[in-house]
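Pasting target35.csv here (CSV, C-alpha atoms and all ligand atoms):
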```
chain,number,residue,atom,x,y,z
A,1,MET,CA,13.6,-16.9,0.9
A,2,THR,CA,14.4,-13.9,-1.4
A,3,GLU,CA,16.6,-11.1,-0.1
A,4,GLY,CA,13.5,-8.8,0.3
A,5,THR,CA,11.6,-11.4,2.3
A,6,ASP,CA,14.8,-11.9,4.4
A,7,ILE,CA,15.0,-8.2,5.3
A,8,LEU,CA,11.2,-8.2,5.9
A,9,ASN,CA,11.5,-11.1,8.4
A,10,ARG,CA,14.5,-9.5,10.1
A,11,SER,CA,12.7,-6.2,10.5
A,12,PHE,CA,9.5,-7.7,11.9
A,13,GLY,CA,11.4,-10.2,14.0
A,14,ASN,CA,13.5,-7.5,15.7
A,15,ALA,CA,10.5,-5.2,16.2
A,16,GLY,CA,8.5,-8.2,17.6
A,17,ARG,CA,11.1,-9.2,20.1
A,18,ILE,CA,11.1,-5.7,21.7
A,19,CYS,CA,7.3,-6.2,22.2
A,20,GLY,CA,7.6,-9.7,23.6
A,21,TYR,CA,7.0,-11.7,20.4
A,22,ASP,CA,9.6,-14.4,20.0
A,23,SER,CA,8.2,-16.2,17.0
A,24,VAL,CA,7.5,-13.8,14.1
A,25,SER,CA,7.2,-14.5,10.4
A,26,ALA,CA,6.3,-12.2,7.5
A,27,GLU,CA,5.7,-12.5,3.8
A,28,PHE,CA,4.8,-10.1,1.0
A,29,ALA,CA,1.3,-10.3,-0.4
A,30,GLU,CA,-0.2,-8.8,-3.6
A,31,PHE,CA,-2.9,-6.7,-2.0
A,32,LYS,CA,-4.6,-4.0,-4.1
A,33,GLU,CA,-4.2,-1.4,-1.3
A,34,PHE,CA,-1.1,-0.8,0.8
A,35,LYS,CA,-1.8,-2.7,4.0
A,36,VAL,CA,-0.5,-5.2,6.5
A,37,LYS,CA,-2.6,-8.1,7.8
A,38,TRP,CA,-1.7,-10.2,10.8
A,39,ARG,CA,-2.6,-13.1,13.0
A,40,ARG,CA,-1.2,-13.4,16.5
A,41,SER,CA,-1.3,-15.4,19.6
A,42,CYS,CA,0.7,-15.4,22.8
A,43,GLY,CA,4.3,-14.6,21.8
A,44,TRP,CA,3.6,-15.5,18.1
A,45,ALA,CA,2.7,-13.4,15.1
A,46,GLU,CA,2.4,-13.9,11.4
A,47,PHE,CA,2.2,-11.0,8.9
A,48,GLU,CA,1.2,-10.4,5.3
A,49,VAL,CA,2.8,-7.2,4.1
A,50,SER,CA,1.8,-5.3,0.9
A,51,ASP,CA,4.4,-6.1,-1.8
A,52,TYR,CA,4.4,-2.4,-2.7
A,53,VAL,CA,7.3,-2.2,-0.1
A,54,LYS,CA,9.1,-5.2,-1.5
A,55,ASP,CA,12.0,-3.1,-2.7
A,56,ALA,CA,12.1,-0.8,0.3
A,57,PRO,CA,15.4,-0.4,2.2
A,58,GLU,CA,15.7,-2.0,5.6
A,59,ASN,CA,15.1,1.2,7.7
A,60,VAL,CA,11.8,1.7,5.9
A,61,LEU,CA,10.6,-1.9,6.7
A,62,THR,CA,11.9,-1.6,10.3
A,63,GLY,CA,9.9,1.6,10.6
A,64,LEU,CA,6.8,-0.1,9.3
A,65,ALA,CA,7.3,-3.1,11.6
A,66,GLU,CA,7.7,-0.9,14.7
A,67,THR,CA,4.6,1.0,13.8
A,68,ILE,CA,2.5,-2.2,13.4
A,69,PHE,CA,3.8,-3.7,16.6
A,70,SER,CA,3.1,-0.5,18.6
A,71,LYS,CA,-0.5,-0.7,17.1
A,72,ILE,CA,-0.8,-4.3,18.1
A,73,SER,CA,0.6,-3.5,21.6
A,74,ARG,CA,-1.8,-0.6,21.8
A,75,GLN,CA,1.0,1.9,22.3
A,76,VAL,CA,0.2,5.3,20.9
A,77,ARG,CA,1.9,6.1,17.6
A,78,ASN,CA,0.3,8.8,15.5
A,79,SER,CA,2.2,8.2,12.3
A,80,TYR,CA,4.8,6.2,10.5
A,81,PRO,CA,8.4,7.2,11.0
A,82,GLN,CA,9.6,10.0,8.7
A,83,GLU,CA,12.0,7.8,6.7
A,84,MET,CA,9.2,5.4,5.9
A,85,LEU,CA,6.7,8.2,5.0
A,86,SER,CA,9.4,9.8,2.8
A,87,TRP,CA,9.9,6.6,0.9
A,88,ILE,CA,6.3,5.7,0.3
A,89,THR,CA,5.3,9.2,-0.7
A,90,SER,CA,8.2,9.8,-3.1
A,91,ASP,CA,7.6,10.5,-6.8
A,92,ASP,CA,9.7,7.4,-7.5
A,93,PHE,CA,7.2,5.2,-5.5
A,94,VAL,CA,4.2,6.6,-7.3
A,95,ARG,CA,5.8,6.2,-10.7
A,96,LYS,CA,6.8,2.6,-10.0
A,97,LYS,CA,3.7,1.4,-8.1
A,98,GLN,CA,0.8,3.3,-9.7
A,99,PRO,CA,0.8,1.0,-12.8
A,100,ILE,CA,0.7,-2.1,-10.6
A,101,TYR,CA,-2.2,-0.6,-8.6
A,102,LEU,CA,-4.1,0.1,-11.8
A,103,THR,CA,-3.8,-3.5,-12.9
A,104,ARG,CA,-5.1,-4.7,-9.5
A,105,ALA,CA,-8.0,-2.3,-9.2
A,106,LYS,CA,-11.2,-3.6,-10.6
A,107,ASN,CA,-13.9,-1.6,-12.3
A,108,LEU,CA,-11.7,1.1,-13.7
A,109,ALA,CA,-12.3,2.5,-17.2
A,110,ARG,CA,-8.6,3.5,-17.1
A,111,THR,CA,-9.4,6.7,-18.9
A,112,PRO,CA,-10.5,10.2,-17.9
A,113,VAL,CA,-12.5,10.5,-21.1
A,114,GLY,CA,-16.1,9.5,-20.6
A,115,LYS,CA,-19.0,9.4,-23.1
A,116,HIS,CA,-20.0,13.0,-22.1
A,117,VAL,CA,-17.5,14.3,-19.6
A,118,ASP,CA,-13.7,14.6,-19.9
A,119,LEU,CA,-12.3,14.5,-16.4
A,120,ASP,CA,-8.9,15.8,-17.6
A,121,ALA,CA,-10.6,18.9,-18.9
A,122,ALA,CA,-12.4,19.1,-15.5
A,123,TYR,CA,-9.0,19.0,-13.8
A,124,ARG,CA,-7.7,21.8,-16.1
A,125,ARG,CA,-10.7,23.9,-15.2
A,126,LEU,CA,-9.9,23.5,-11.5
A,127,ILE,CA,-6.3,24.5,-12.2
A,128,ASP,CA,-7.4,27.5,-14.2
A,129,MET,CA,-9.7,28.5,-11.3
A,130,GLY,CA,-6.6,28.5,-9.0
A,131,LEU,CA,-8.1,25.7,-6.9
A,132,MET,CA,-5.6,23.0,-7.8
A,133,LYS,CA,-2.0,22.7,-8.7
A,134,ASP,CA,-1.0,20.7,-11.8
A,135,ASP,CA,0.5,17.4,-10.7
A,136,LYS,CA,1.5,15.2,-13.7
A,137,ASP,CA,1.6,12.0,-11.5
A,138,ILE,CA,-2.1,12.1,-10.8
A,139,MET,CA,-4.1,9.6,-12.7
A,140,ILE,CA,-7.9,10.3,-13.1
A,141,THR,CA,-10.3,7.7,-14.4
A,142,TRP,CA,-13.9,6.9,-14.6
A,143,THR,CA,-15.2,3.6,-13.2
A,144,LYS,CA,-16.0,1.0,-15.8
A,145,HIS,CA,-19.4,0.2,-14.3
A,146,VAL,CA,-21.6,2.7,-12.4
A,147,ASN,CA,-20.8,2.7,-8.7
A,148,THR,CA,-24.0,3.7,-6.9
A,149,LYS,CA,-22.6,3.6,-3.4
A,150,ARG,CA,-19.7,6.1,-3.8
A,151,VAL,CA,-19.4,8.8,-6.4
A,152,GLY,CA,-15.7,9.3,-5.9
A,153,TYR,CA,-12.8,7.5,-4.5
A,154,CYS,CA,-9.0,8.0,-4.4
A,155,SER,CA,-5.8,6.3,-3.5
A,156,LEU,CA,-3.6,8.8,-1.8
A,157,LEU,CA,-0.4,6.7,-2.1
A,158,MET,CA,-1.0,5.9,-5.7
A,159,LYS,CA,-2.3,9.3,-6.6
A,160,VAL,CA,-5.3,7.7,-8.5
A,161,VAL,CA,-8.7,9.4,-8.5
A,162,ILE,CA,-11.7,7.3,-9.5
A,163,ILE,CA,-15.1,8.9,-10.3
A,164,SER,CA,-18.2,6.9,-10.7
A,165,SER,CA,-19.5,6.8,-14.3
A,166,ILE,CA,-23.0,7.6,-12.8
A,167,LEU,CA,-22.0,11.2,-13.3
A,168,ASP,CA,-20.9,10.7,-17.0
A,169,THR,CA,-24.3,11.8,-18.3
A,170,PRO,CA,-25.7,15.0,-20.0
A,171,ASP,CA,-28.5,14.9,-17.4
A,172,ILE,CA,-26.2,16.0,-14.6
A,173,PRO,CA,-24.5,19.4,-14.8
A,174,THR,CA,-20.7,19.4,-15.3
A,175,PHE,CA,-20.2,21.3,-12.1
A,176,VAL,CA,-21.3,18.2,-10.1
A,177,SER,CA,-18.5,16.0,-11.5
A,178,ASP,CA,-16.1,18.9,-11.3
A,179,TYR,CA,-16.9,19.3,-7.6
A,180,VAL,CA,-16.6,15.5,-6.9
A,181,LEU,CA,-13.2,15.5,-8.7
A,182,TYR,CA,-12.2,18.6,-6.7
A,183,HIS,CA,-13.2,16.8,-3.4
A,184,GLU,CA,-11.0,13.8,-4.3
A,185,LEU,CA,-8.1,16.0,-5.5
A,186,ILE,CA,-8.1,17.8,-2.1
A,187,HIS,CA,-7.6,14.4,-0.5
A,188,VAL,CA,-4.7,13.7,-2.9
A,189,GLY,CA,-3.2,17.2,-2.4
A,190,ARG,CA,-3.2,16.8,1.3
A,191,GLY,CA,-1.2,13.6,0.9
A,192,PHE,CA,-0.9,10.3,2.7
A,193,ASP,CA,-2.0,10.5,6.3
A,194,PRO,CA,-3.4,7.1,7.5
A,195,PHE,CA,-3.8,8.4,11.1
A,196,GLY,CA,-5.4,11.7,10.2
A,197,GLN,CA,-9.0,12.9,9.9
A,198,ARG,CA,-10.3,12.6,6.4
A,199,HIS,CA,-13.1,15.1,6.5
A,200,GLY,CA,-12.2,17.6,9.2
A,201,THR,CA,-13.0,21.3,9.5
A,202,ASP,CA,-9.9,22.3,7.4
A,203,PHE,CA,-11.0,19.9,4.7
A,204,HIS,CA,-14.5,21.4,4.5
A,205,LEU,CA,-13.0,24.9,4.4
A,206,LEU,CA,-11.0,23.9,1.3
A,207,GLU,CA,-14.1,22.2,-0.2
A,208,ARG,CA,-16.1,25.4,0.1
A,209,ARG,CA,-13.7,27.2,-2.1
A,210,TYR,CA,-15.5,25.6,-5.0
A,211,PRO,CA,-18.0,28.3,-6.1
A,212,MET,CA,-20.9,26.0,-6.7
A,213,HIS,CA,-20.3,23.6,-3.8
A,214,LYS,CA,-23.8,24.1,-2.3
A,215,GLU,CA,-25.5,23.4,-5.6
A,216,ALA,CA,-23.3,20.4,-6.2
A,217,GLU,CA,-24.0,19.0,-2.7
A,218,GLU,CA,-27.7,19.3,-3.4
A,219,TRP,CA,-27.4,17.3,-6.6
A,220,LEU,CA,-25.5,14.6,-4.8
A,221,LYS,CA,-28.2,14.5,-2.1
A,222,ARG,CA,-30.9,14.2,-4.8
A,223,LEU,CA,-28.9,11.3,-6.4
A,224,GLN,CA,-28.6,9.7,-3.0
A,225,ILE,CA,-25.0,9.0,-3.5
A,226,CYS,CA,-22.1,9.7,-1.1
A,227,ILE,CA,-18.9,11.6,-1.8
B,301,ZN,ZN,-13.7,12.4,0.9
```

Would you mind writing the structure in this file as structure tokens?
Ligand SMILES: [Zn+2]
Amino acid sequence: MTEGTDILNRSFGNAGRICGYDSVSAEFAEFKEFKVKWRRSCGWAEFEVSDYVKDAPENVLTGLAETIFSKISRQVRNSYPQEMLSWITSDDFVRKKQPIYLTRAKNLARTPVGKHVDLDAAYRRLIDMGLMKDDKDIMITWTKHVNTKRVGYCSLLMKVVIISSILDTPDIPTFVSDYVLYHELIHVGRGFDPFGQRHGTDFHLLERRYPMHKEAEEWLKRLQICI
């Protein structure tokens, strides 16, 4: 057992005992997204924990373990502990883990430059309009193949924004892809909040700051694709 796995087992073991689980084991897994999977029975639990936290200090893993056990035990916990949130939302975390995420994510062109639309130029337009702040850690990319189910997607932790190449065409006005990018960048700007509401009233208020939001929404409806 490596030192990291050792700390992981100690963290989950201690948190489990408090909740009545005497036999607890945990190992790191190479998931694309940050997540924890578990199997459990009476007094027994087994965890697979995203290896993005493999180098996390013990207090971070303990915080994660306590949150997961309170979720399992159906105790109310609205967020991860602050020390864990600070660690997984740090600039250092994004810079180290984003390249790993990009190798695991399928269907990424890994470039913002499409055949017709440059998403980096779109980002600069949003900054010039005063709608966005410049964040050098954000990675914007087209999908490799057209995604017809979702037009935009983002990883808040990894600060990666993915736009479906269905919009990379001269047949659709640029304000549509700009708007979709803006939508995803609002999510990234609001930060990692796994327990929060994704599209609440405050989100829609921000979304409506985009001057052509109505026209863009109409285009997306016509294309029958979700944002
Ligand atoms: Zn959204």

Could you tell me which of A:Ile127, A:Ala26, A:Ile7, A:Leu108 comes closest to Val60 in chain A if we count all atoms listed in the file? A:Ile7

Compare A:Thr89, A:Gln224, A:Ser70, A:Ser155 by their minimum atom-to-atom distance to ligand ZN 301 (chain B), counting only C-alpha atoms and all ligand atoms, and give me the closest one.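 Going through A:Thr89, A:Gln224, A:Ser70, A:Ser155 one by one, the smallest distance to ligand ZN 301 (chain B) is for A:Ser155.
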
Spatial neighbours of Ser177 in chain A, max dist 10 Å, all atoms listed in the file, sep filter under 2 positions, as a ChimeraX atom specification: /A:117-119,122,151-152,163-169,172-175,179-183,216,220

Name each residue within 10 Å of ligand ZN 301 (chain B), counting all atoms listed in the file, as a count of residues only. 21

Nearest to Val161 in chain A by atom-to-atom distance, counting all atoms listed in the file, from A:Glu217, A:Asp120, A:Asp128, A:Asp6: A:Asp120

How far is it from CA of Asn14 in chain A to CA of Thr2 in chain A, in Å with one decimal?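 Those two atoms sit 18.3 Å apart.
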
CA of Lys54 in chain A to CA of Phe28 in chain A: how many Å, to one decimal? 7.0 Å

Given all atoms listed in the file as the basis, pick out the residue of A:Leu126, A:Leu64, A:Ala45, A:Val94 nearest to Tyr80 in chain A.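 Closest to Tyr80 in chain A, using all atoms listed in the file: A:Leu64.
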
Residue nearest Thr143 in chain A among A:Leu131, A:Arg124, A:Ala109, A:Lys71 (counting only C-alpha atoms):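 Of A:Leu131, A:Arg124, A:Ala109, A:Lys71, the one nearest Thr143 in chain A, counting only C-alpha atoms, is A:Ala109.
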
10 Å contact set for Asp193 in chain A, only C-alpha atoms, chain neighbours under 2 positions out, as a PyMOL selection string: chain A and resi 78-80+85+156-157+187+190-191+195-198

Nearest candidate to Cys19 in chain A (options A:Gly4, A:Gly43, A:Pro99, A:Gly130; using only C-alpha atoms):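 That would be A:Gly43, the residue with the smallest distance to Cys19 in chain A.
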
Counting only C-alpha atoms, which residues have an atom no more than 10 Å from (4.9, -2.0, -8.1) in the file's coordinates? Please list them as a PDB file with C-alpha atoms, keeping the file's coordinate frame.
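Once written, out12.pdb looks like this:
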```pdb
ATOM      1  CA  GLU A  30      -0.200  -8.800  -3.600  1.00  0.00           C
ATOM      2  CA  ASP A  51       4.400  -6.100  -1.800  1.00  0.00           C
ATOM      3  CA  TYR A  52       4.400  -2.400  -2.700  1.00  0.00           C
ATOM      4  CA  VAL A  53       7.300  -2.200  -0.100  1.00  0.00           C
ATOM      5  CA  LYS A  54       9.100  -5.200  -1.500  1.00  0.00           C
ATOM      6  CA  ASP A  55      12.000  -3.100  -2.700  1.00  0.00           C
ATOM      7  CA  PHE A  93       7.200   5.200  -5.500  1.00  0.00           C
ATOM      8  CA  VAL A  94       4.200   6.600  -7.300  1.00  0.00           C
ATOM      9  CA  ARG A  95       5.800   6.200 -10.700  1.00  0.00           C
ATOM     10  CA  LYS A  96       6.800   2.600 -10.000  1.00  0.00           C
ATOM     11  CA  LYS A  97       3.700   1.400  -8.100  1.00  0.00           C
ATOM     12  CA  GLN A  98       0.800   3.300  -9.700  1.00  0.00           C
ATOM     13  CA  PRO A  99       0.800   1.000 -12.800  1.00  0.00           C
ATOM     14  CA  ILE A 100       0.700  -2.100 -10.600  1.00  0.00           C
ATOM     15  CA  TYR A 101      -2.200  -0.600  -8.600  1.00  0.00           C
ATOM     16  CA  LEU A 102      -4.100   0.100 -11.800  1.00  0.00           C
TER      17      LEU A 102
END
```

To one decimal in Å, tell me the separation between CA of Pro170 in chain A and CA of Ala105 in chain A. 27.0 Å

I want to know what sits within 12 Å of Cys42 in chain A, based on all atoms listed in the file, with residues of the same chain fewer than 3 positions away left out; could you give that as a PyMOL selection string? chain A and resi 16+19-24+39+45-46+73

For the residues selected in the previous step, produce a file with C-alpha atoms as a short mmCIF file (atom, residue, chain, number, x, y, z; two decimals), in the coordinates of the input.
```cif
data_model
loop_
_atom_site.label_atom_id
_atom_site.label_comp_id
_atom_site.auth_asym_id
_atom_site.auth_seq_id
_atom_site.Cartn_x
_atom_site.Cartn_y
_atom_site.Cartn_z
CA GLY A 16 8.50 -8.20 17.60
CA CYS A 19 7.30 -6.20 22.20
CA GLY A 20 7.60 -9.70 23.60
CA TYR A 21 7.00 -11.70 20.40
CA ASP A 22 9.60 -14.40 20.00
CA SER A 23 8.20 -16.20 17.00
CA VAL A 24 7.50 -13.80 14.10
CA ARG A 39 -2.60 -13.10 13.00
CA ALA A 45 2.70 -13.40 15.10
CA GLU A 46 2.40 -13.90 11.40
CA SER A 73 0.60 -3.50 21.60
#
```

Save range 100-123 of chain A to disk from that block, N, CA and C atoms included, as a short mmCIF file (atom, residue, chain, number, x, y, z; two decimals), in the first residue's frame.
```cif
data_model
loop_
_atom_site.label_atom_id
_atom_site.label_comp_id
_atom_site.auth_asym_id
_atom_site.auth_seq_id
_atom_site.Cartn_x
_atom_site.Cartn_y
_atom_site.Cartn_z
N ILE A 100 -4.32 16.08 -16.90
CA ILE A 100 -4.74 14.68 -16.72
C ILE A 100 -6.18 14.51 -17.20
N TYR A 101 -7.03 15.46 -16.80
CA TYR A 101 -8.44 15.43 -17.21
C TYR A 101 -8.54 15.42 -18.74
N LEU A 102 -7.73 16.26 -19.38
CA LEU A 102 -7.79 16.38 -20.84
C LEU A 102 -7.39 15.08 -21.55
N THR A 103 -6.48 14.31 -20.94
CA THR A 103 -6.11 13.04 -21.56
C THR A 103 -7.21 11.99 -21.36
N ARG A 104 -7.99 12.15 -20.30
CA ARG A 104 -9.05 11.17 -20.03
C ARG A 104 -10.37 11.47 -20.74
N ALA A 105 -10.59 12.74 -21.03
CA ALA A 105 -11.85 13.13 -21.66
C ALA A 105 -11.83 12.73 -23.14
N LYS A 106 -12.86 12.00 -23.52
CA LYS A 106 -12.96 11.58 -24.93
C LYS A 106 -13.61 12.71 -25.73
N ASN A 107 -13.51 12.59 -27.02
CA ASN A 107 -14.20 13.50 -27.93
C ASN A 107 -13.84 14.98 -27.76
N LEU A 108 -12.59 15.26 -27.47
CA LEU A 108 -12.17 16.66 -27.41
C LEU A 108 -11.24 16.96 -28.59
N ALA A 109 -11.48 18.08 -29.26
CA ALA A 109 -10.56 18.50 -30.33
C ALA A 109 -9.27 19.03 -29.69
N ARG A 110 -9.36 19.40 -28.43
CA ARG A 110 -8.25 19.98 -27.65
C ARG A 110 -7.73 21.27 -28.27
N THR A 111 -8.61 21.98 -28.94
CA THR A 111 -8.26 23.31 -29.47
C THR A 111 -9.51 24.18 -29.54
N PRO A 112 -9.33 25.46 -29.26
CA PRO A 112 -10.48 26.37 -29.38
C PRO A 112 -10.69 26.86 -30.82
N VAL A 113 -9.73 26.52 -31.69
CA VAL A 113 -9.80 27.00 -33.07
C VAL A 113 -10.54 25.98 -33.93
N GLY A 114 -11.73 26.35 -34.36
CA GLY A 114 -12.51 25.46 -35.21
C GLY A 114 -12.26 25.75 -36.67
N LYS A 115 -13.06 25.11 -37.54
CA LYS A 115 -12.92 25.38 -38.98
C LYS A 115 -13.42 26.79 -39.31
N HIS A 116 -14.45 27.22 -38.59
CA HIS A 116 -15.05 28.53 -38.88
C HIS A 116 -15.04 29.48 -37.69
N VAL A 117 -15.08 28.93 -36.49
CA VAL A 117 -15.21 29.79 -35.30
C VAL A 117 -14.04 29.55 -34.34
N ASP A 118 -13.44 30.65 -33.90
CA ASP A 118 -12.36 30.60 -32.92
C ASP A 118 -12.94 30.93 -31.54
N LEU A 119 -12.99 29.93 -30.67
CA LEU A 119 -13.62 30.13 -29.36
C LEU A 119 -12.79 31.03 -28.44
N ASP A 120 -11.49 31.09 -28.68
CA ASP A 120 -10.66 32.01 -27.89
C ASP A 120 -11.00 33.46 -28.24
N ALA A 121 -11.25 33.69 -29.53
CA ALA A 121 -11.66 35.03 -29.96
C ALA A 121 -13.03 35.35 -29.36
N ALA A 122 -13.88 34.33 -29.27
CA ALA A 122 -15.21 34.51 -28.66
C ALA A 122 -15.06 34.89 -27.19
N TYR A 123 -14.13 34.23 -26.51
CA TYR A 123 -13.87 34.53 -25.09
C TYR A 123 -13.40 35.99 -24.94
#
```
